[in-house]
>>> print(open('entry_30.cif').read())   # mmCIF, C-alpha atoms
data_query
loop_
_atom_site.group_PDB
_atom_site.id
_atom_site.type_symbol
_atom_site.label_atom_id
_atom_site.label_comp_id
_atom_site.auth_asym_id
_atom_site.auth_seq_id
_atom_site.Cartn_x
_atom_site.Cartn_y
_atom_site.Cartn_z
ATOM 1 C CA MET A 1 0.000 0.000 0.000
ATOM 2 C CA LEU A 2 2.886 2.370 0.806
ATOM 3 C CA ARG A 3 4.500 1.819 -2.598
ATOM 4 C CA LYS A 4 1.231 2.444 -4.381
ATOM 5 C CA SER A 5 0.765 5.709 -2.440
ATOM 6 C CA LEU A 6 4.282 6.971 -3.326
ATOM 7 C CA ARG A 7 3.787 6.083 -6.972
ATOM 8 C CA ALA A 8 0.497 7.940 -7.098
ATOM 9 C CA TRP A 9 2.071 10.994 -5.449
ATOM 10 C CA THR A 10 4.932 11.015 -7.958
ATOM 11 C CA LEU A 11 2.624 10.762 -10.960
ATOM 12 C CA THR A 12 0.532 13.606 -9.572
ATOM 13 C CA VAL A 13 3.192 16.072 -8.368
ATOM 14 C CA LEU A 14 6.017 15.625 -10.933
ATOM 15 C CA PRO A 15 4.074 17.010 -13.929
ATOM 16 C CA VAL A 16 3.167 20.009 -11.822
ATOM 17 C CA LEU A 17 6.866 20.670 -11.013
ATOM 18 C CA LEU A 18 7.902 20.296 -14.653
ATOM 19 C CA LEU A 19 5.154 22.658 -15.754
ATOM 20 C CA SER A 20 6.215 25.172 -13.119
ATOM 21 C CA ASN A 21 9.880 25.146 -14.314
ATOM 22 C CA ALA A 22 8.866 25.435 -17.954
ATOM 23 C CA SER A 23 6.832 28.562 -17.273
ATOM 24 C CA ALA A 24 9.652 30.283 -15.344
ATOM 25 C CA GLU A 25 10.841 33.668 -16.619
ATOM 26 C CA PRO A 26 13.844 33.381 -19.064
ATOM 27 C CA ALA A 27 17.170 35.072 -18.152
ATOM 28 C CA PRO A 28 17.098 38.710 -19.195
ATOM 29 C CA ALA A 29 19.025 39.418 -22.396
ATOM 30 C CA GLN A 30 21.849 41.940 -22.406
ATOM 31 C CA ASN A 31 20.820 45.476 -23.120
ATOM 32 C CA PRO A 32 21.823 46.239 -26.718
ATOM 33 C CA GLY A 33 22.495 49.837 -25.772
ATOM 34 C CA VAL A 34 25.323 48.899 -23.363
ATOM 35 C CA GLU A 35 28.846 49.639 -24.617
ATOM 36 C CA THR A 36 31.522 46.938 -24.805
ATOM 37 C CA GLU A 37 34.939 47.802 -23.381
ATOM 38 C CA ILE A 38 38.234 46.683 -24.932
ATOM 39 C CA ARG A 39 41.707 47.486 -23.589
ATOM 40 C CA ALA A 40 43.600 49.965 -25.773
ATOM 41 C CA GLN A 41 47.130 51.366 -25.959
ATOM 42 C CA LEU A 42 48.471 54.435 -27.738
ATOM 43 C CA THR A 43 51.469 53.849 -30.004
ATOM 44 C CA PRO A 44 53.372 56.151 -32.384
ATOM 45 C CA ARG A 45 52.839 55.709 -36.092
ATOM 46 C CA ASN A 46 56.608 55.921 -36.699
ATOM 47 C CA GLU A 47 59.394 55.077 -34.281
ATOM 48 C CA THR A 48 62.973 53.909 -34.653
ATOM 49 C CA THR A 49 66.354 53.676 -32.971
ATOM 50 C CA LEU A 50 69.091 55.805 -34.508
ATOM 51 C CA SER A 51 72.425 53.958 -34.465
ATOM 52 C CA ALA A 52 76.018 54.792 -35.344
ATOM 53 C CA GLU A 53 77.001 54.027 -38.932
ATOM 54 C CA VAL A 54 80.662 54.852 -38.375
ATOM 55 C CA ALA A 55 83.131 54.023 -35.605
ATOM 56 C CA ALA A 56 83.871 57.457 -34.139
ATOM 57 C CA VAL A 57 83.444 59.801 -31.175
ATOM 58 C CA ILE A 58 80.214 61.789 -30.807
ATOM 59 C CA LYS A 59 81.044 65.451 -31.275
ATOM 60 C CA ASP A 60 77.576 67.020 -31.144
ATOM 61 C CA LEU A 61 74.163 66.020 -29.787
ATOM 62 C CA THR A 62 71.724 68.743 -30.781
ATOM 63 C CA VAL A 63 68.675 67.432 -28.885
ATOM 64 C CA ARG A 64 67.897 66.198 -25.410
ATOM 65 C CA GLU A 65 65.487 63.577 -24.186
ATOM 66 C CA GLY A 66 61.884 64.697 -24.689
ATOM 67 C CA GLU A 67 62.738 67.526 -27.105
ATOM 68 C CA ARG A 68 61.083 67.921 -30.482
ATOM 69 C CA PHE A 69 62.809 68.049 -33.862
ATOM 70 C CA LYS A 70 61.947 68.572 -37.522
ATOM 71 C CA LYS A 71 62.462 66.160 -40.393
ATOM 72 C CA GLY A 72 65.952 66.596 -41.851
ATOM 73 C CA GLN A 73 67.340 68.327 -38.751
ATOM 74 C CA ALA A 74 70.880 67.260 -37.778
ATOM 75 C CA LEU A 75 70.614 65.339 -34.514
ATOM 76 C CA VAL A 76 74.070 63.792 -34.112
ATOM 77 C CA GLY A 77 77.526 64.801 -35.346
ATOM 78 C CA PHE A 78 80.652 62.616 -35.161
ATOM 79 C CA ASP A 79 84.314 63.588 -35.101
ATOM 80 C CA CYS A 80 85.320 62.437 -38.586
ATOM 81 C CA SER A 81 88.722 64.145 -38.927
ATOM 82 C CA ILE A 82 90.271 60.860 -40.093
ATOM 83 C CA GLN A 83 87.666 60.430 -42.837
ATOM 84 C CA GLN A 84 88.201 64.070 -43.853
ATOM 85 C CA ALA A 85 91.927 63.462 -44.198
ATOM 86 C CA GLN A 86 91.231 60.351 -46.261
ATOM 87 C CA LEU A 87 89.076 62.461 -48.592
ATOM 88 C CA GLN A 88 91.871 64.981 -49.078
ATOM 89 C CA LYS A 89 94.282 62.145 -49.856
ATOM 90 C CA ALA A 90 91.849 60.619 -52.363
ATOM 91 C CA GLN A 91 91.361 63.983 -54.061
ATOM 92 C CA ALA A 92 95.145 64.484 -54.337
ATOM 93 C CA THR A 93 95.543 61.008 -55.806
ATOM 94 C CA ALA A 94 92.781 61.718 -58.315
ATOM 95 C CA ASP A 95 94.435 64.993 -59.328
ATOM 96 C CA GLY A 96 97.718 63.190 -60.024
ATOM 97 C CA ALA A 97 95.975 60.407 -61.924
ATOM 98 C CA GLY A 98 94.095 62.972 -63.999
ATOM 99 C CA LYS A 99 97.309 64.781 -65.003
ATOM 100 C CA THR A 100 98.983 61.486 -65.923
ATOM 101 C CA PHE A 101 96.028 60.532 -68.072
ATOM 102 C CA ASP A 102 96.021 63.923 -69.842
ATOM 103 C CA VAL A 103 99.757 63.709 -70.601
ATOM 104 C CA ASN A 104 99.535 60.146 -71.852
ATOM 105 C CA SER A 105 96.569 61.051 -74.034
ATOM 106 C CA ARG A 106 98.554 63.863 -75.727
ATOM 107 C CA LEU A 107 101.631 61.670 -76.110
ATOM 108 C CA SER A 108 99.480 58.956 -77.619
ATOM 109 C CA GLN A 109 98.445 61.379 -80.369
ATOM 110 C CA LEU A 110 102.161 61.869 -81.095
ATOM 111 C CA GLU A 111 102.645 58.085 -80.958
ATOM 112 C CA SER A 112 105.116 58.535 -78.100
ATOM 113 C CA VAL A 113 103.307 56.116 -75.732
ATOM 114 C CA SER A 114 101.331 52.990 -76.375
ATOM 115 C CA SER A 115 97.564 52.769 -76.119
ATOM 116 C CA LEU A 116 98.062 50.369 -73.206
ATOM 117 C CA GLU A 117 99.721 53.099 -71.144
ATOM 118 C CA VAL A 118 96.798 55.399 -71.886
ATOM 119 C CA ASP A 119 94.329 52.715 -70.794
ATOM 120 C CA VAL A 120 96.239 52.079 -67.561
ATOM 121 C CA ALA A 121 96.293 55.813 -66.755
ATOM 122 C CA LYS A 122 92.571 56.021 -67.422
ATOM 123 C CA ALA A 123 91.895 53.059 -65.114
ATOM 124 C CA LYS A 124 93.929 54.632 -62.306
ATOM 125 C CA LEU A 125 91.975 57.854 -62.696
ATOM 126 C CA GLY A 126 88.704 55.944 -62.436
ATOM 127 C CA GLU A 127 89.955 54.145 -59.326
ATOM 128 C CA ALA A 128 90.911 57.451 -57.700
ATOM 129 C CA LYS A 129 87.475 58.914 -58.432
ATOM 130 C CA ALA A 130 85.849 55.832 -56.913
ATOM 131 C CA ASP A 131 87.901 56.331 -53.742
ATOM 132 C CA ILE A 132 86.642 59.906 -53.533
ATOM 133 C CA ALA A 133 83.017 58.770 -53.870
ATOM 134 C CA LEU A 134 83.528 56.070 -51.240
ATOM 135 C CA THR A 135 85.112 58.510 -48.776
ATOM 136 C CA LYS A 136 82.357 61.074 -49.320
ATOM 137 C CA ALA A 137 79.727 58.405 -48.656
ATOM 138 C CA GLY A 138 81.459 57.650 -45.354
ATOM 139 C CA LEU A 139 81.543 61.332 -44.450
ATOM 140 C CA GLU A 140 77.789 61.606 -45.012
ATOM 141 C CA LYS A 141 77.347 59.073 -42.203
ATOM 142 C CA CYS A 142 79.218 61.373 -39.836
ATOM 143 C CA ARG A 143 75.979 63.311 -39.327
ATOM 144 C CA ILE A 144 72.613 61.751 -38.551
ATOM 145 C CA HIS A 145 69.497 63.635 -39.625
ATOM 146 C CA ALA A 146 65.937 63.219 -38.362
ATOM 147 C CA PRO A 147 63.922 60.812 -40.532
ATOM 148 C CA PHE A 148 60.621 62.506 -39.612
ATOM 149 C CA ASP A 149 59.107 65.184 -37.367
ATOM 150 C CA GLY A 150 59.039 63.878 -33.826
ATOM 151 C CA ARG A 151 60.503 63.718 -30.334
ATOM 152 C CA VAL A 152 63.417 62.051 -28.594
ATOM 153 C CA ALA A 153 62.031 59.195 -26.518
ATOM 154 C CA ALA A 154 65.337 58.094 -24.969
ATOM 155 C CA LEU A 155 69.034 58.984 -25.235
ATOM 156 C CA LYS A 156 71.368 56.003 -25.154
ATOM 157 C CA ALA A 157 74.695 57.764 -25.824
ATOM 158 C CA HIS A 158 76.420 61.015 -24.853
ATOM 159 C CA GLU A 159 78.815 63.582 -26.290
ATOM 160 C CA HIS A 160 82.500 62.534 -26.359
ATOM 161 C CA GLN A 161 81.491 58.876 -26.220
ATOM 162 C CA HIS A 162 83.184 56.538 -28.698
ATOM 163 C CA LEU A 163 80.759 54.298 -30.545
ATOM 164 C CA LYS A 164 81.142 51.263 -32.729
ATOM 165 C CA VAL A 165 79.130 50.682 -35.881
ATOM 166 C CA GLY A 166 75.622 49.665 -34.852
ATOM 167 C CA ASP A 167 75.717 51.106 -31.320
ATOM 168 C CA PRO A 168 72.357 52.749 -30.447
ATOM 169 C CA ILE A 169 72.304 56.507 -29.938
ATOM 170 C CA MET A 170 68.673 57.481 -29.344
ATOM 171 C CA ASP A 171 65.077 56.295 -29.686
ATOM 172 C CA VAL A 172 62.866 58.680 -31.645
ATOM 173 C CA LEU A 173 59.153 58.632 -32.373
ATOM 174 C CA ASP A 174 56.547 60.523 -34.349
ATOM 175 C CA ASP A 175 53.705 61.505 -32.016
ATOM 176 C CA SER A 176 51.927 63.787 -34.475
ATOM 177 C CA GLN A 177 49.349 61.033 -35.053
ATOM 178 C CA LEU A 178 49.051 58.403 -32.333
ATOM 179 C CA GLU A 179 47.581 55.042 -33.252
ATOM 180 C CA ILE A 180 45.442 52.822 -31.031
ATOM 181 C CA LYS A 181 46.241 49.113 -30.800
ATOM 182 C CA LEU A 182 43.291 46.857 -29.923
ATOM 183 C CA ILE A 183 42.502 43.146 -29.779
ATOM 184 C CA VAL A 184 38.809 42.342 -30.275
ATOM 185 C CA PRO A 185 36.717 39.162 -30.647
ATOM 186 C CA SER A 186 36.867 37.817 -34.193
ATOM 187 C CA LEU A 187 33.051 37.690 -34.313
ATOM 188 C CA TRP A 188 33.115 41.480 -34.357
ATOM 189 C CA LEU A 189 34.251 41.273 -37.977
ATOM 190 C CA ARG A 190 30.565 40.793 -38.808
ATOM 191 C CA TRP A 191 29.982 44.487 -38.188
ATOM 192 C CA LEU A 192 33.336 46.145 -37.484
ATOM 193 C CA LYS A 193 34.602 48.082 -40.509
ATOM 194 C CA PRO A 194 37.252 50.734 -41.237
ATOM 195 C CA LYS A 195 36.125 54.246 -40.241
ATOM 196 C CA GLN A 196 33.933 52.765 -37.478
ATOM 197 C CA ILE A 197 33.559 55.491 -34.838
ATOM 198 C CA PHE A 198 34.259 54.727 -31.178
ATOM 199 C CA GLN A 199 35.478 56.398 -27.998
ATOM 200 C CA VAL A 200 38.729 55.754 -26.135
ATOM 201 C CA HIS A 201 39.029 56.518 -22.432
ATOM 202 C CA ILE A 202 42.625 57.264 -21.389
ATOM 203 C CA ASP A 203 43.267 56.116 -17.833
ATOM 204 C CA GLU A 204 46.214 58.447 -17.167
ATOM 205 C CA LEU A 205 44.129 61.531 -17.992
ATOM 206 C CA ASP A 206 40.680 60.160 -17.075
ATOM 207 C CA ARG A 207 39.271 61.621 -20.288
ATOM 208 C CA ASP A 208 37.423 60.342 -23.348
ATOM 209 C CA TYR A 209 38.629 61.032 -26.902
ATOM 210 C CA PRO A 210 36.951 60.443 -30.269
ATOM 211 C CA ALA A 211 38.546 57.755 -32.418
ATOM 212 C CA GLU A 212 37.965 55.682 -35.525
ATOM 213 C CA VAL A 213 39.054 52.291 -36.875
ATOM 214 C CA VAL A 214 41.828 52.524 -39.479
ATOM 215 C CA THR A 215 42.693 48.924 -40.386
ATOM 216 C CA LEU A 216 41.573 45.416 -39.492
ATOM 217 C CA GLY A 217 44.059 42.643 -38.778
ATOM 218 C CA ALA A 218 44.946 40.206 -41.554
ATOM 219 C CA ARG A 219 44.945 37.127 -39.315
ATOM 220 C CA ILE A 220 42.699 35.680 -36.606
ATOM 221 C CA ASP A 221 44.280 33.991 -33.598
ATOM 222 C CA PRO A 222 42.793 30.469 -33.768
ATOM 223 C CA VAL A 223 43.260 29.847 -30.032
ATOM 224 C CA SER A 224 41.752 33.007 -28.564
ATOM 225 C CA GLN A 225 39.471 33.724 -31.555
ATOM 226 C CA THR A 226 40.566 37.360 -31.558
ATOM 227 C CA VAL A 227 41.862 39.769 -34.185
ATOM 228 C CA SER A 228 44.033 42.848 -33.825
ATOM 229 C CA ILE A 229 42.843 46.176 -35.194
ATOM 230 C CA THR A 230 44.378 49.630 -35.453
ATOM 231 C CA GLY A 231 42.565 52.866 -34.772
ATOM 232 C CA ARG A 232 43.522 56.498 -34.427
ATOM 233 C CA VAL A 233 42.571 59.397 -32.218
ATOM 234 C CA THR A 234 40.850 62.044 -34.314
ATOM 235 C CA GLY A 235 41.912 65.644 -33.891
ATOM 236 C CA LYS A 236 44.991 67.177 -32.255
ATOM 237 C CA HIS A 237 45.588 66.488 -28.576
ATOM 238 C CA ALA A 238 49.005 67.608 -27.338
ATOM 239 C CA GLU A 239 48.463 66.049 -23.917
ATOM 240 C CA LEU A 240 48.389 62.490 -25.306
ATOM 241 C CA LEU A 241 51.638 60.523 -25.046
ATOM 242 C CA SER A 242 52.766 57.273 -26.567
ATOM 243 C CA GLY A 243 52.337 54.380 -24.140
ATOM 244 C CA MET A 244 49.182 55.703 -22.494
ATOM 245 C CA SER A 245 46.461 53.097 -22.185
ATOM 246 C CA GLY A 246 42.794 52.834 -21.433
ATOM 247 C CA ARG A 247 39.516 51.411 -22.709
ATOM 248 C CA ALA A 248 38.004 51.536 -26.170
ATOM 249 C CA LEU A 249 34.219 51.942 -25.969
ATOM 250 C CA PHE A 250 32.281 50.477 -28.895
ATOM 251 C CA PRO A 251 28.504 50.453 -29.394
ATOM 252 C CA ASP A 252 27.398 46.910 -28.492
ATOM 253 C CA LYS A 253 26.463 45.494 -31.898
ATOM 254 C CA ALA A 254 27.509 41.954 -31.122
ATOM 255 C CA HIS A 255 24.053 40.940 -29.823
#
>>> encode(input="entry_30.cif", output="structure tokens")
Amino acid sequence: MLRKSLRAWTLTVLPVLLLSNASAEPAPAQNPGVETEIRAQLTPRNETTLSAEVAAVIKDLTVREGERFKKGQALVGFDCSIQQAQLQKAQATADGAGKTFDVNSRLSQLESVSSLEVDVAKAKLGEAKADIALTKAGLEKCRIHAPFDGRVAALKAHEHQHLKVGDPIMDVLDDSQLEIKLIVPSLWLRWLKPKQIFQVHIDELDRDYPAEVVTLGARIDPVSQTVSITGRVTGKHAELLSGMSGRALFPDKAH
């Protein structure tokens, strides 16, 4: 009798419980008006490390760390007195070779020297001119000019310091147009396009700035299912510095 009573209770109550669960309210969906936050970092569009192209002593450093410069401005000057002396020697050698060639050419017309002697004199003149060009090319490396408008991010050498070829001198960057590096879910490619408008909040300044998407990454990370994108801050904002970070705020179109 007890088993029959339990069975009857189960058959009666269980459908009621199932019906009650089925009619429960579904979980509320995310509000499509909420913005999605993505970490962002400001980076310069152009940056490089200027290095020594000759083995010499630094004679002049025209800029200090943090200072601005213009494209083409001389930033570093080396003591190249040895290279200058080599140029003078090459020019003197070329002058002598030129006179020898001229004399042999006139004597050849009088059949006083062979054509071989004329050819040898001509070859020596060409060799001397090549030495001049080579020395001048080396002298051009005795001064380093700015590759773009920008600022000195870090000085790694000092005046009167002797450097070897390849030794770093300074890090420079172009902060006239800062880029924004982002990593977003790859599913966002369904709606994310170049020129997409968004906001970037910079933590260091606690301010929002207008921005837009410039390029989309060419490869999706298969593990994290993310893609890198590049944006830019629109307008001029002198207070922004490379390396600042914050949050990129996109309209939530993923739902």
>>> resolve_selection(input="entry_30.cif", expression="the PyMOL selection byres ((chain A and resi 235-248) around 6)", output="list in words")
Glu37, Ile38, Arg39, Ala40, Gln41, Leu42, Thr43, Pro44, Gln199, Val200, His201, Ile202, Asp203, Thr234 and Leu249 of chain A
>>> closest_residue(input="entry_30.cif", among="A:Asp131, A:Gly231, A:Ile82, A:Asp175", to="Val152 in chain A", atoms="all atoms listed in the file")
A:Asp175
>>> residues_around(input="entry_30.cif", residues="Lys122 in chain A", least_positions_apart="3", cutoff="10 Å", atoms="all atoms listed in the file", output="PyMOL selection string")
chain A and resi 97-98+100-102+104-105+116-119+125-128
>>> resolve_selection(input="entry_30.cif", expression="the PyMOL selection byres ((chain A and resi 177) around 8)", output="list of chain:residue names")
A:Pro44, A:Arg45, A:Asp174, A:Asp175, A:Ser176, A:Leu178, A:Glu179, A:Arg232, A:Val233
>>> closest_residue(input="entry_30.cif", among="A:Pro194, A:Gly166, A:Gly217, A:Pro251", to="Ala55 in chain A", atoms="only C-alpha atoms")
A:Gly166
>>> closest_residue(input="entry_30.cif", among="A:Glu65, A:Glu204, A:Asp171, A:Glu53", to="Ala146 in chain A", atoms="all atoms listed in the file")
A:Asp171
>>> axis_aligned_box(input="entry_30.cif", around="range 187-204 of chain A", padding_each_side="3 Å", output="lines of an AutoDock Vina configuration file")
center_x = 38.1
center_y = 48.1
center_z = -29.2
size_x = 22.2
size_y = 26.8
size_z = 30.1
>>> resolve_selection(input="entry_30.cif", expression="the PyMOL selection byres ((chain A and resi 54) around 7)", output="list in words")
Ala52, Glu53, Ala55, Ala56, Lys141, Cys142, Lys164 and Val165 of chain A
>>> atom_distance(input="entry_30.cif", atom1="CA of Ile180 in chain A", atom2="CA of Pro222 in chain A")
22.7 Å
>>> closest_residue(input="entry_30.cif", among="A:Gln86, A:Ser114, A:Thr48, A:Thr62", to="Ala74 in chain A", atoms="only C-alpha atoms")
A:Thr62
>>> atom_distance(input="entry_30.cif", atom1="CA of Gln109 in chain A", atom2="CA of Thr93 in chain A")
24.7 Å
>>> atom_distance(input="entry_30.cif", atom1="CA of Thr230 in chain A", atom2="CA of Ile197 in chain A")
12.3 Å
>>> closest_residue(input="entry_30.cif", among="A:Ile144, A:Leu87, A:Val213, A:Leu192", to="Ala130 in chain A", atoms="all atoms listed in the file")
A:Leu87
>>> closest_residue(input="entry_30.cif", among="A:Ile169, A:Ala94, A:Ala154, A:Val227", to="Phe78 in chain A", atoms="only C-alpha atoms")
A:Ile169
